[in-house]
>>> print(open('model_21.txt').read())   # compact mmCIF, C-alpha atoms
# COMPACT_ATOMS: atom_id res chain seq x y z
CA MET A 24 0.00 0.00 0.00
CA ALA A 25 1.24 3.50 -0.82
CA GLU A 26 1.91 5.88 2.08
CA SER A 27 -1.47 7.09 3.20
CA PRO A 28 -2.14 10.79 2.72
CA LYS A 29 -3.34 12.75 5.72
CA PRO A 30 -7.02 12.01 6.36
CA CYS A 31 -9.26 14.88 5.29
CA THR A 32 -12.91 15.69 5.99
CA PRO A 33 -15.11 15.39 2.90
CA GLY A 34 -17.74 17.95 1.93
CA LYS A 35 -21.42 16.94 2.02
CA ARG A 36 -21.65 16.19 -1.70
CA GLU A 37 -18.42 14.23 -1.71
CA MET A 38 -19.54 12.27 1.35
CA MET A 39 -22.90 11.38 -0.22
CA LEU A 40 -21.23 10.16 -3.41
CA GLY A 41 -18.90 8.02 -1.32
CA PHE A 42 -21.69 6.34 0.63
CA LEU A 43 -23.73 5.92 -2.55
CA GLU A 44 -20.78 4.01 -3.97
CA VAL A 45 -20.65 1.81 -0.85
CA GLY A 46 -24.40 1.16 -1.10
CA ILE A 47 -24.51 0.03 -4.71
CA SER A 48 -21.30 -1.98 -4.75
CA ALA A 49 -21.74 -3.77 -1.44
CA PHE A 50 -22.57 -7.31 -2.50
CA GLY A 51 -22.55 -9.90 0.26
CA GLY A 52 -21.68 -7.75 3.26
CA ALA A 53 -21.03 -4.03 3.08
CA LEU A 54 -18.27 -3.66 5.66
CA PRO A 55 -15.30 -4.46 3.39
CA TRP A 56 -16.68 -1.96 0.87
CA LEU A 57 -17.00 0.74 3.48
CA ARG A 58 -13.35 0.29 4.40
CA ARG A 59 -12.31 0.27 0.75
CA VAL A 60 -14.08 3.55 -0.03
CA VAL A 61 -13.52 5.45 3.20
CA VAL A 62 -9.95 4.38 3.98
CA GLU A 63 -8.29 3.19 0.79
CA ARG A 64 -9.85 5.14 -2.06
CA ARG A 65 -10.85 8.45 -0.51
CA ALA A 66 -8.60 8.54 2.57
CA TRP A 67 -11.15 10.20 4.82
CA LEU A 68 -9.90 8.10 7.74
CA ASP A 69 -6.73 6.14 8.39
CA GLU A 70 -6.81 2.47 9.41
CA ARG A 71 -6.57 3.19 13.11
CA GLU A 72 -9.43 5.70 13.11
CA PHE A 73 -11.58 3.34 11.05
CA THR A 74 -11.08 0.54 13.56
CA GLU A 75 -11.96 2.88 16.43
CA VAL A 76 -15.15 4.02 14.73
CA LEU A 77 -16.09 0.43 13.89
CA THR A 78 -15.50 -0.74 17.45
CA ILE A 79 -17.82 1.92 18.81
CA CYS A 80 -20.49 1.34 16.18
CA GLN A 81 -20.43 -2.41 16.87
CA ALA A 82 -21.26 -1.69 20.51
CA ILE A 83 -24.31 0.38 19.54
CA PRO A 84 -27.55 -1.35 18.47
CA GLY A 85 -28.08 -1.40 14.71
CA PRO A 86 -26.41 -2.71 11.55
CA ASN A 87 -22.70 -1.90 11.74
CA VAL A 88 -22.30 -0.37 8.31
CA VAL A 89 -25.30 1.92 8.65
CA ASN A 90 -24.12 2.92 12.13
CA CYS A 91 -20.65 3.75 10.83
CA ALA A 92 -22.04 5.90 8.02
CA VAL A 93 -24.33 7.82 10.37
CA PHE A 94 -21.51 8.16 12.89
CA LEU A 95 -19.14 9.62 10.32
CA GLY A 96 -21.82 11.86 8.78
CA THR A 97 -22.66 13.26 12.21
CA ARG A 98 -19.03 13.85 13.09
CA TRP A 99 -18.38 15.63 9.81
CA HIS A 100 -21.59 17.61 9.31
CA GLY A 101 -23.77 17.35 12.42
CA SER A 102 -27.23 15.77 12.49
CA LEU A 103 -27.97 16.76 8.89
CA GLY A 104 -24.78 14.97 7.87
CA GLY A 105 -25.94 11.84 9.71
CA ALA A 106 -29.28 11.89 7.92
CA LEU A 107 -27.64 12.49 4.52
CA ALA A 108 -25.24 9.60 5.13
CA PHE A 109 -28.15 7.30 6.00
CA VAL A 110 -30.16 8.19 2.89
CA SER A 111 -27.25 8.06 0.47
CA LEU A 112 -26.17 4.65 1.76
CA LEU A 113 -29.62 3.01 1.61
CA ALA A 114 -31.66 4.70 -1.15
CA ALA A 115 -30.10 2.98 -4.17
CA PRO A 116 -29.97 -0.59 -2.78
CA LEU A 117 -33.53 -0.17 -1.47
CA CYS A 118 -34.72 0.54 -5.02
CA VAL A 119 -32.82 -2.49 -6.35
CA VAL A 120 -34.28 -4.79 -3.71
CA LEU A 121 -37.82 -3.51 -4.30
CA ALA A 122 -37.40 -4.06 -8.04
CA LEU A 123 -36.17 -7.60 -7.37
CA VAL A 124 -39.13 -8.40 -5.15
CA THR A 125 -41.56 -7.03 -7.73
CA ALA A 126 -40.00 -9.25 -10.38
CA HIS A 127 -40.22 -12.14 -7.95
CA GLN A 128 -43.92 -11.52 -7.41
CA ALA A 129 -44.55 -11.40 -11.15
CA LEU A 130 -42.60 -14.60 -11.85
CA GLY A 131 -43.26 -16.43 -8.59
CA ASP A 132 -45.59 -18.94 -10.22
CA VAL A 133 -42.99 -20.20 -12.68
CA PRO A 134 -41.76 -23.45 -11.07
CA ALA A 135 -38.11 -22.89 -12.02
CA VAL A 136 -38.16 -19.46 -10.38
CA ARG A 137 -39.98 -20.73 -7.31
CA HIS A 138 -37.51 -23.56 -6.76
CA GLY A 139 -34.60 -21.24 -7.50
CA VAL A 140 -35.73 -18.78 -4.84
CA ASN A 141 -36.18 -21.67 -2.43
CA GLY A 142 -32.61 -22.77 -3.10
CA LEU A 143 -31.54 -19.16 -2.53
CA ALA A 144 -33.46 -19.09 0.76
CA ILE A 145 -31.75 -22.27 1.97
CA ALA A 146 -28.37 -20.78 1.05
CA ALA A 147 -29.20 -17.48 2.77
CA THR A 148 -30.19 -19.34 5.93
CA ALA A 149 -26.99 -21.38 5.72
CA TYR A 150 -25.05 -18.14 5.31
CA LEU A 151 -26.65 -16.63 8.40
CA THR A 152 -25.88 -19.79 10.36
CA ALA A 153 -22.24 -19.76 9.25
CA MET A 154 -21.96 -16.06 10.13
CA THR A 155 -23.45 -16.76 13.56
CA LEU A 156 -21.04 -19.62 14.21
CA ARG A 157 -18.13 -17.42 13.14
CA MET A 158 -19.27 -14.81 15.67
CA ALA A 159 -19.06 -17.51 18.33
CA ARG A 160 -15.36 -18.08 17.66
CA PRO A 161 -14.08 -15.89 20.56
CA PHE A 162 -15.86 -18.13 23.08
CA ALA A 163 -15.80 -21.36 21.07
CA ARG A 164 -13.91 -23.31 23.75
CA ASN A 165 -15.85 -21.96 26.71
CA THR A 166 -18.52 -24.39 27.96
CA ARG A 167 -20.17 -21.79 30.20
CA ALA A 168 -20.61 -19.39 27.29
CA TRP A 169 -22.25 -22.17 25.24
CA ALA A 170 -24.55 -22.97 28.15
CA LEU A 171 -25.67 -19.34 28.27
CA CYS A 172 -26.11 -19.43 24.51
CA ALA A 173 -28.27 -22.56 24.77
CA VAL A 174 -30.42 -20.91 27.44
CA ALA A 175 -30.96 -17.93 25.11
CA VAL A 176 -32.04 -20.29 22.29
CA ALA A 177 -34.40 -22.17 24.62
CA LEU A 178 -36.00 -19.00 25.99
CA SER A 179 -36.46 -17.55 22.53
CA LEU A 180 -37.72 -20.66 20.72
CA GLY A 181 -39.13 -22.84 23.50
CA ALA A 182 -40.57 -20.27 25.90
CA GLU A 183 -41.20 -17.73 23.09
CA TRP A 184 -39.77 -14.85 25.10
CA SER A 185 -39.35 -11.67 23.14
CA MET A 186 -35.83 -10.56 22.38
CA GLY A 187 -35.79 -7.75 24.95
CA TRP A 188 -36.42 -10.11 27.87
CA VAL A 189 -33.89 -12.67 26.66
CA LEU A 190 -31.31 -9.94 26.22
CA LEU A 191 -32.05 -8.44 29.62
CA SER A 192 -32.10 -11.65 31.68
CA CYS A 193 -29.30 -13.56 29.94
CA GLY A 194 -27.39 -10.31 29.38
CA ILE A 195 -27.22 -9.55 33.11
CA VAL A 196 -25.97 -13.08 33.78
CA GLY A 197 -23.48 -12.78 30.92
CA VAL A 198 -22.06 -9.42 31.95
CA TYR A 199 -21.78 -10.60 35.56
CA ALA A 200 -19.99 -13.76 34.40
CA ALA A 201 -17.67 -11.75 32.16
CA ARG A 202 -16.91 -9.46 35.10
CA ARG A 203 -15.93 -12.49 37.21
CA ARG A 204 -13.87 -13.75 34.23
CA TRP A 205 -15.98 -16.88 33.86
CA LEU A 206 -16.60 -16.21 30.18
CA MET B 14 -50.84 0.91 -2.60
CA SER B 15 -53.91 0.07 -0.59
CA ALA B 16 -54.05 2.12 2.60
CA ASP B 17 -57.54 1.84 4.02
CA VAL B 18 -58.24 2.10 7.75
CA ALA B 19 -57.40 -1.52 8.61
CA ASP B 20 -54.05 -1.21 6.87
CA ALA B 21 -53.25 1.99 8.73
CA GLY B 22 -53.70 0.16 12.02
CA LEU B 23 -51.42 -2.61 10.83
CA LEU B 24 -48.80 -0.09 9.71
CA ILE B 25 -48.87 1.54 13.14
CA ASP B 26 -48.48 -1.84 14.88
CA MET B 27 -45.58 -2.62 12.59
CA ALA B 28 -43.94 0.75 13.21
CA TRP B 29 -44.31 0.29 16.97
CA LEU B 30 -42.81 -3.22 16.85
CA TYR B 31 -39.77 -2.01 14.92
CA LEU B 32 -39.40 1.12 17.03
CA LYS B 33 -39.10 -1.06 20.13
CA LEU B 34 -36.77 -3.52 18.42
CA SER B 35 -34.62 -0.70 17.05
CA PHE B 36 -33.18 -0.02 20.49
CA LEU B 37 -32.34 -3.71 20.96
CA CYS B 38 -30.59 -4.72 17.76
CA ILE B 39 -27.19 -5.35 19.29
CA GLY B 40 -25.06 -7.21 16.78
CA GLY B 41 -27.25 -6.23 13.83
CA THR B 42 -30.86 -7.16 13.15
CA ILE B 43 -30.46 -10.93 12.81
CA PRO B 44 -31.01 -11.59 16.56
CA LEU B 45 -34.41 -9.91 16.09
CA ILE B 46 -35.61 -12.50 13.58
CA PRO B 47 -37.51 -14.61 16.16
CA ASP B 48 -39.49 -11.51 17.18
CA MET B 49 -40.19 -10.47 13.58
CA HIS B 50 -41.17 -14.03 12.68
CA ARG B 51 -43.58 -14.11 15.61
CA PHE B 52 -45.26 -10.92 14.39
CA PHE B 53 -45.47 -11.61 10.66
CA VAL B 54 -45.99 -15.38 10.64
CA GLU B 55 -47.19 -16.71 13.99
CA SER B 56 -49.45 -14.07 15.50
CA ARG B 57 -50.68 -12.08 12.47
CA GLY B 58 -50.49 -14.73 9.75
CA LEU B 59 -49.38 -12.17 7.18
CA MET B 60 -46.98 -14.54 5.44
CA THR B 61 -45.53 -18.04 5.58
CA THR B 62 -42.10 -18.84 7.00
CA GLN B 63 -41.06 -19.68 3.47
CA GLN B 64 -41.99 -16.20 2.25
CA PHE B 65 -40.24 -14.67 5.26
CA ALA B 66 -37.07 -16.61 4.43
CA SER B 67 -37.24 -15.73 0.76
CA TYR B 68 -37.22 -12.01 1.65
CA VAL B 69 -34.12 -12.51 3.77
CA ALA B 70 -32.60 -14.35 0.82
CA LEU B 71 -33.48 -11.70 -1.77
CA ALA B 72 -31.98 -8.94 0.37
CA GLN B 73 -28.82 -10.96 0.71
CA ALA B 74 -28.53 -11.59 -3.00
CA ALA B 75 -28.89 -7.87 -3.78
CA PRO B 76 -26.28 -5.16 -3.13
CA GLY B 77 -26.37 -3.05 0.00
CA PRO B 78 -26.59 -3.73 3.72
CA ASN B 79 -28.49 -6.93 4.53
CA ILE B 80 -30.86 -4.96 6.77
CA LEU B 81 -32.96 -4.29 3.66
CA TYR B 82 -34.93 -7.50 4.22
CA VAL B 83 -36.67 -5.49 6.93
CA ALA B 84 -37.95 -3.17 4.20
CA LEU B 85 -39.13 -6.17 2.17
CA LEU B 86 -41.17 -7.51 5.10
CA GLY B 87 -42.83 -4.09 5.34
CA HIS B 88 -43.34 -4.04 1.57
CA HIS B 89 -45.19 -7.35 1.73
CA VAL B 90 -47.72 -5.83 4.11
CA GLY B 91 -48.07 -2.26 2.88
CA GLY B 92 -46.21 -1.70 -0.39
CA ILE B 93 -43.76 1.20 -0.61
CA THR B 94 -45.33 2.84 2.46
CA GLY B 95 -44.82 -0.36 4.41
CA ALA B 96 -41.20 -0.63 3.29
CA LEU B 97 -40.44 2.93 4.39
CA THR B 98 -42.32 2.37 7.67
CA THR B 99 -40.31 -0.67 8.77
CA LEU B 100 -36.98 0.63 7.50
CA GLY B 101 -37.60 4.02 9.11
CA ALA B 102 -38.73 2.57 12.44
CA ILE B 103 -35.86 0.07 12.74
CA SER B 104 -33.43 2.95 12.18
CA VAL B 105 -34.69 5.27 14.91
CA GLY B 106 -32.87 3.67 17.85
CA PRO B 107 -29.49 3.25 16.14
CA PHE B 108 -29.74 6.74 14.64
CA VAL B 109 -30.35 8.42 17.99
CA LEU B 110 -27.69 6.38 19.80
CA VAL B 111 -25.07 6.81 17.08
CA SER B 112 -25.67 10.56 16.92
CA LEU B 113 -25.08 10.73 20.66
CA ALA B 114 -22.01 8.51 20.44
CA ALA B 115 -20.48 10.63 17.69
CA ARG B 116 -20.54 13.55 20.12
CA VAL B 117 -18.98 11.74 23.09
CA PHE B 118 -16.56 9.73 20.97
CA SER B 119 -13.43 9.89 23.12
CA ARG B 120 -15.11 8.94 26.38
CA LEU B 121 -16.74 5.85 24.87
CA ALA B 122 -13.53 4.63 23.28
CA ALA B 123 -11.75 4.65 26.64
CA ASN B 124 -14.44 3.05 28.81
CA PRO B 125 -13.03 -0.14 30.41
CA TRP B 126 -16.54 -1.59 30.88
CA ARG B 127 -17.06 -1.86 27.14
CA GLU B 128 -15.06 -5.04 26.72
CA THR B 129 -16.77 -6.70 29.68
CA VAL B 130 -20.25 -5.86 28.42
CA LEU B 131 -19.46 -7.02 24.89
CA ALA B 132 -17.96 -10.29 26.14
CA GLY B 133 -20.98 -10.90 28.38
CA LEU B 134 -23.53 -10.21 25.66
CA ALA B 135 -21.82 -12.16 22.87
CA PRO B 136 -23.17 -15.64 23.80
CA VAL B 137 -26.69 -14.21 24.21
CA THR B 138 -26.58 -12.50 20.83
CA VAL B 139 -25.29 -15.67 19.19
CA GLY B 140 -28.08 -17.64 20.90
CA LEU B 141 -30.76 -15.31 19.55
CA MET B 142 -29.22 -15.49 16.08
CA LEU B 143 -29.18 -19.28 16.21
CA ALA B 144 -32.84 -19.26 17.24
CA GLY B 145 -33.61 -17.17 14.17
CA CYS B 146 -31.63 -19.50 11.90
CA LEU B 147 -33.49 -22.53 13.27
CA LEU B 148 -36.85 -20.86 12.66
CA LEU B 149 -35.95 -20.04 9.06
CA LEU B 150 -34.46 -23.47 8.47
CA ARG B 151 -37.67 -25.13 9.60
CA GLY B 152 -39.54 -23.08 7.02
CA VAL B 153 -37.28 -23.52 3.99
CA ALA B 154 -35.83 -27.00 4.43
CA ASP B 155 -38.85 -29.25 4.70
CA THR B 156 -37.24 -32.37 3.24
CA TRP B 157 -34.16 -34.28 4.36
CA ALA B 158 -32.47 -33.52 1.07
CA ALA B 159 -33.01 -29.80 1.55
CA LEU B 160 -31.79 -30.00 5.14
CA LEU B 161 -28.61 -31.82 4.07
CA PHE B 162 -28.11 -29.30 1.29
CA GLY B 163 -28.37 -26.44 3.82
CA ALA B 164 -25.94 -28.09 6.22
CA ALA B 165 -23.42 -28.64 3.43
CA LEU B 166 -23.72 -25.00 2.35
CA ALA B 167 -23.26 -23.78 5.93
CA ALA B 168 -20.11 -25.88 6.23
CA PHE B 169 -18.82 -24.38 2.98
CA LEU B 170 -19.62 -20.86 4.12
CA LEU B 171 -17.65 -21.27 7.33
CA PHE B 172 -14.58 -20.63 5.19
CA PRO B 173 -14.52 -16.84 4.95
CA ARG B 174 -12.36 -16.81 1.81
CA LEU B 175 -15.24 -18.15 -0.24
CA ASN B 176 -17.37 -15.44 -1.81
CA PRO B 177 -20.88 -15.95 -0.36
CA LEU B 178 -22.39 -14.62 -3.60
CA VAL B 179 -20.99 -17.56 -5.55
CA VAL B 180 -22.57 -19.95 -3.05
CA LEU B 181 -25.92 -18.12 -3.28
CA ALA B 182 -25.84 -18.28 -7.08
CA VAL B 183 -24.97 -21.98 -7.12
CA ALA B 184 -27.75 -22.73 -4.63
CA ALA B 185 -30.29 -20.84 -6.74
CA ILE B 186 -29.29 -22.83 -9.83
CA VAL B 187 -29.28 -26.16 -7.97
CA GLY B 188 -32.70 -25.34 -6.51
CA SER B 189 -34.10 -24.34 -9.86
CA VAL B 190 -32.83 -27.46 -11.64
CA SER B 191 -33.53 -30.03 -8.94
CA GLY B 192 -36.90 -28.63 -7.89
CA LEU B 193 -36.08 -28.30 -4.17
>>> encode(input="model_21.txt", output="structure tokens")
Amino acid sequence: MAESPKPCTPGKREMMLGFLEVGISAFGGALPWLRRVVVERRAWLDEREFTEVLTICQAIPGPNVVNCAVFLGTRWHGSLGGALAFVSLLAAPLCVVLALVTAHQALGDVPAVRHGVNGLAIAATAYLTAMTLRMARPFARNTRAWALCAVAVALSLGAEWSMGWVLLSCGIVGVYAARRRWL
Amino acid sequence: MSADVADAGLLIDMAWLYLKLSFLCIGGTIPLIPDMHRFFVESRGLMTTQQFASYVALAQAAPGPNILYVALLGHHVGGITGALTTLGAISVGPFVLVSLAARVFSRLAANPWRETVLAGLAPVTVGLMLAGCLLLLRGVADTWAALLFGAALAAFLLFPRLNPLVVLAVAAIVGSVSGL
């Protein structure tokens, strides 16, 4: 990699074009694309700053990429900047997805299409499962963490607790356990 | 799009559901799937699990953040208005919290509790995500062949070097040809 130029704050228009680029090119996970545009191509942040921003945005509820865009927009141009970042990231892919679903509705009765979408759905579910298991890697060898995980599954699926209650009850146990270094 | 009185009530219920969930989506929106599934499939009967899963799949096959399946669920119920309702509502919590965080950046970065809280919540988040995956799997893989196919794909996808789009494309073709 060439020596990175000093990070510079983009103007509103420049910023929107950047996030638009992230939105339309982000196939299969947008995070690598965000890094590519923000750090490598446009040099608005250096690697260290990007990692800091990402770490914070991962700790806040919401999809990481959207959080990062809003975070950066707000830091650069206040609340308006945050809103502009949000819209420019999501508007184009939203239109694409809505077009896709309209096509799907029109062609849904064609058996080949129906079975194809079913295959796609199985693959998407498999992808989510793989992503979930990869997220479990940091505690993969910790039996207590898996026990807590199993309790969360049981409460959600078996007892049909809503997510807030599962997060609250198991979360308190988890944070306490992490504090005592059990996890 | 049809927006008579009954639909307006449904849109408001949907907006309220997502507004509540928007403050809880730690680790993305996937851990919320059991709650969404309960609303759209189990309690309101607005769609089948299969339809629910196909929206998740379509959003994943298209460009952009995967959160867009939330818009598709709203679209199923209320057209464009529905899509904007769910996408808007799910974004309220993160938007508010991120805006705040951007203003107290340095203090958050240094907080020693952050690591502890993240480590404590990780197994819970993973548990909720697994619950969502199991729900979807039950809906899309109703034969042993389909279940085996899904397990094989998941094993493949555990290798991060593999482009997930290639796997999605192959699965769509296999499904289309074999009549899954």
>>> closest_residue(input="model_21.txt", among="B:Ser35, B:Thr156, B:Thr99, B:Thr94", to="chain A", atoms="all atoms listed in the file")
B:Ser35
>>> atom_distance(input="model_21.txt", atom1="CA of Arg164 in chain A", atom2="CA of Ala82 in chain A")
23.1 Å
>>> axis_aligned_box(input="model_21.txt", around="range 154-157 of chain A", padding_each_side="3 Å", output="JSON")
{"center_x": -20.8, "center_y": -17.8, "center_z": 12.2, "size_x": 11.3, "size_y": 9.6, "size_z": 10.1}
>>> closest_atom_pairs(input="model_21.txt", of="chain A", to="chain B", cutoff="6 Å", atoms="only C-alpha atoms", output="CSV")
residue,atom,partner,partner_atom,distance
A:Gly46,CA,B:Gly77,CA,4.8
A:Ile47,CA,B:Pro76,CA,5.7
A:Ala49,CA,B:Gly77,CA,4.9
A:Phe50,CA,B:Pro76,CA,4.3
A:Ala53,CA,B:Pro78,CA,5.6
A:Pro84,CA,B:Ile39,CA,4.1
A:Gly85,CA,B:Gly41,CA,5.0
A:Pro86,CA,B:Gly41,CA,4.3
A:Phe94,CA,B:Ala115,CA,5.5
A:Arg98,CA,B:Ala115,CA,5.8
A:Pro116,CA,B:Gly77,CA,5.2
A:Ala135,CA,B:Ser189,CA,4.8
A:His138,CA,B:Ser189,CA,4.7
A:Gly139,CA,B:Ser189,CA,3.9
A:Gly142,CA,B:Gly188,CA,4.3
A:Leu143,CA,B:Ala185,CA,4.7
A:Ala144,CA,B:Ala70,CA,4.8
A:Ile145,CA,B:Gly163,CA,5.7
A:Ala146,CA,B:Leu181,CA,5.6
A:Ala147,CA,B:Ala70,CA,5.0
A:Ala149,CA,B:Ala167,CA,4.4
A:Tyr150,CA,B:Ala167,CA,5.9
A:Thr152,CA,B:Cys146,CA,6.0
A:Ala153,CA,B:Leu171,CA,5.2
A:Ala168,CA,B:Pro136,CA,5.7
A:Cys172,CA,B:Gly140,CA,4.5
A:Ala175,CA,B:Gly140,CA,5.1
A:Val176,CA,B:Gly140,CA,5.0
A:Ser185,CA,B:Asp48,CA,6.0
A:Gly194,CA,B:Leu134,CA,5.4
A:Gly197,CA,B:Gly133,CA,4.0
A:Val198,CA,B:Gly133,CA,4.0
A:Ala201,CA,B:Gly133,CA,5.1
>>> residues_around(input="model_21.txt", residues="Gly105 in chain A", least_positions_apart="3", cutoff="9 Å", atoms="all atoms listed in the file", output="VMD selection string")
(chain A and resid 92 to 102 108 to 110) or (chain B and resid 108 111 to 112)
>>> atom_distance(input="model_21.txt", atom1="CA of Val120 in chain A", atom2="CA of Gly101 in chain B")
15.9 Å
>>> atom_distance(input="model_21.txt", atom1="CA of Glu37 in chain A", atom2="CA of Ala102 in chain B")
27.4 Å
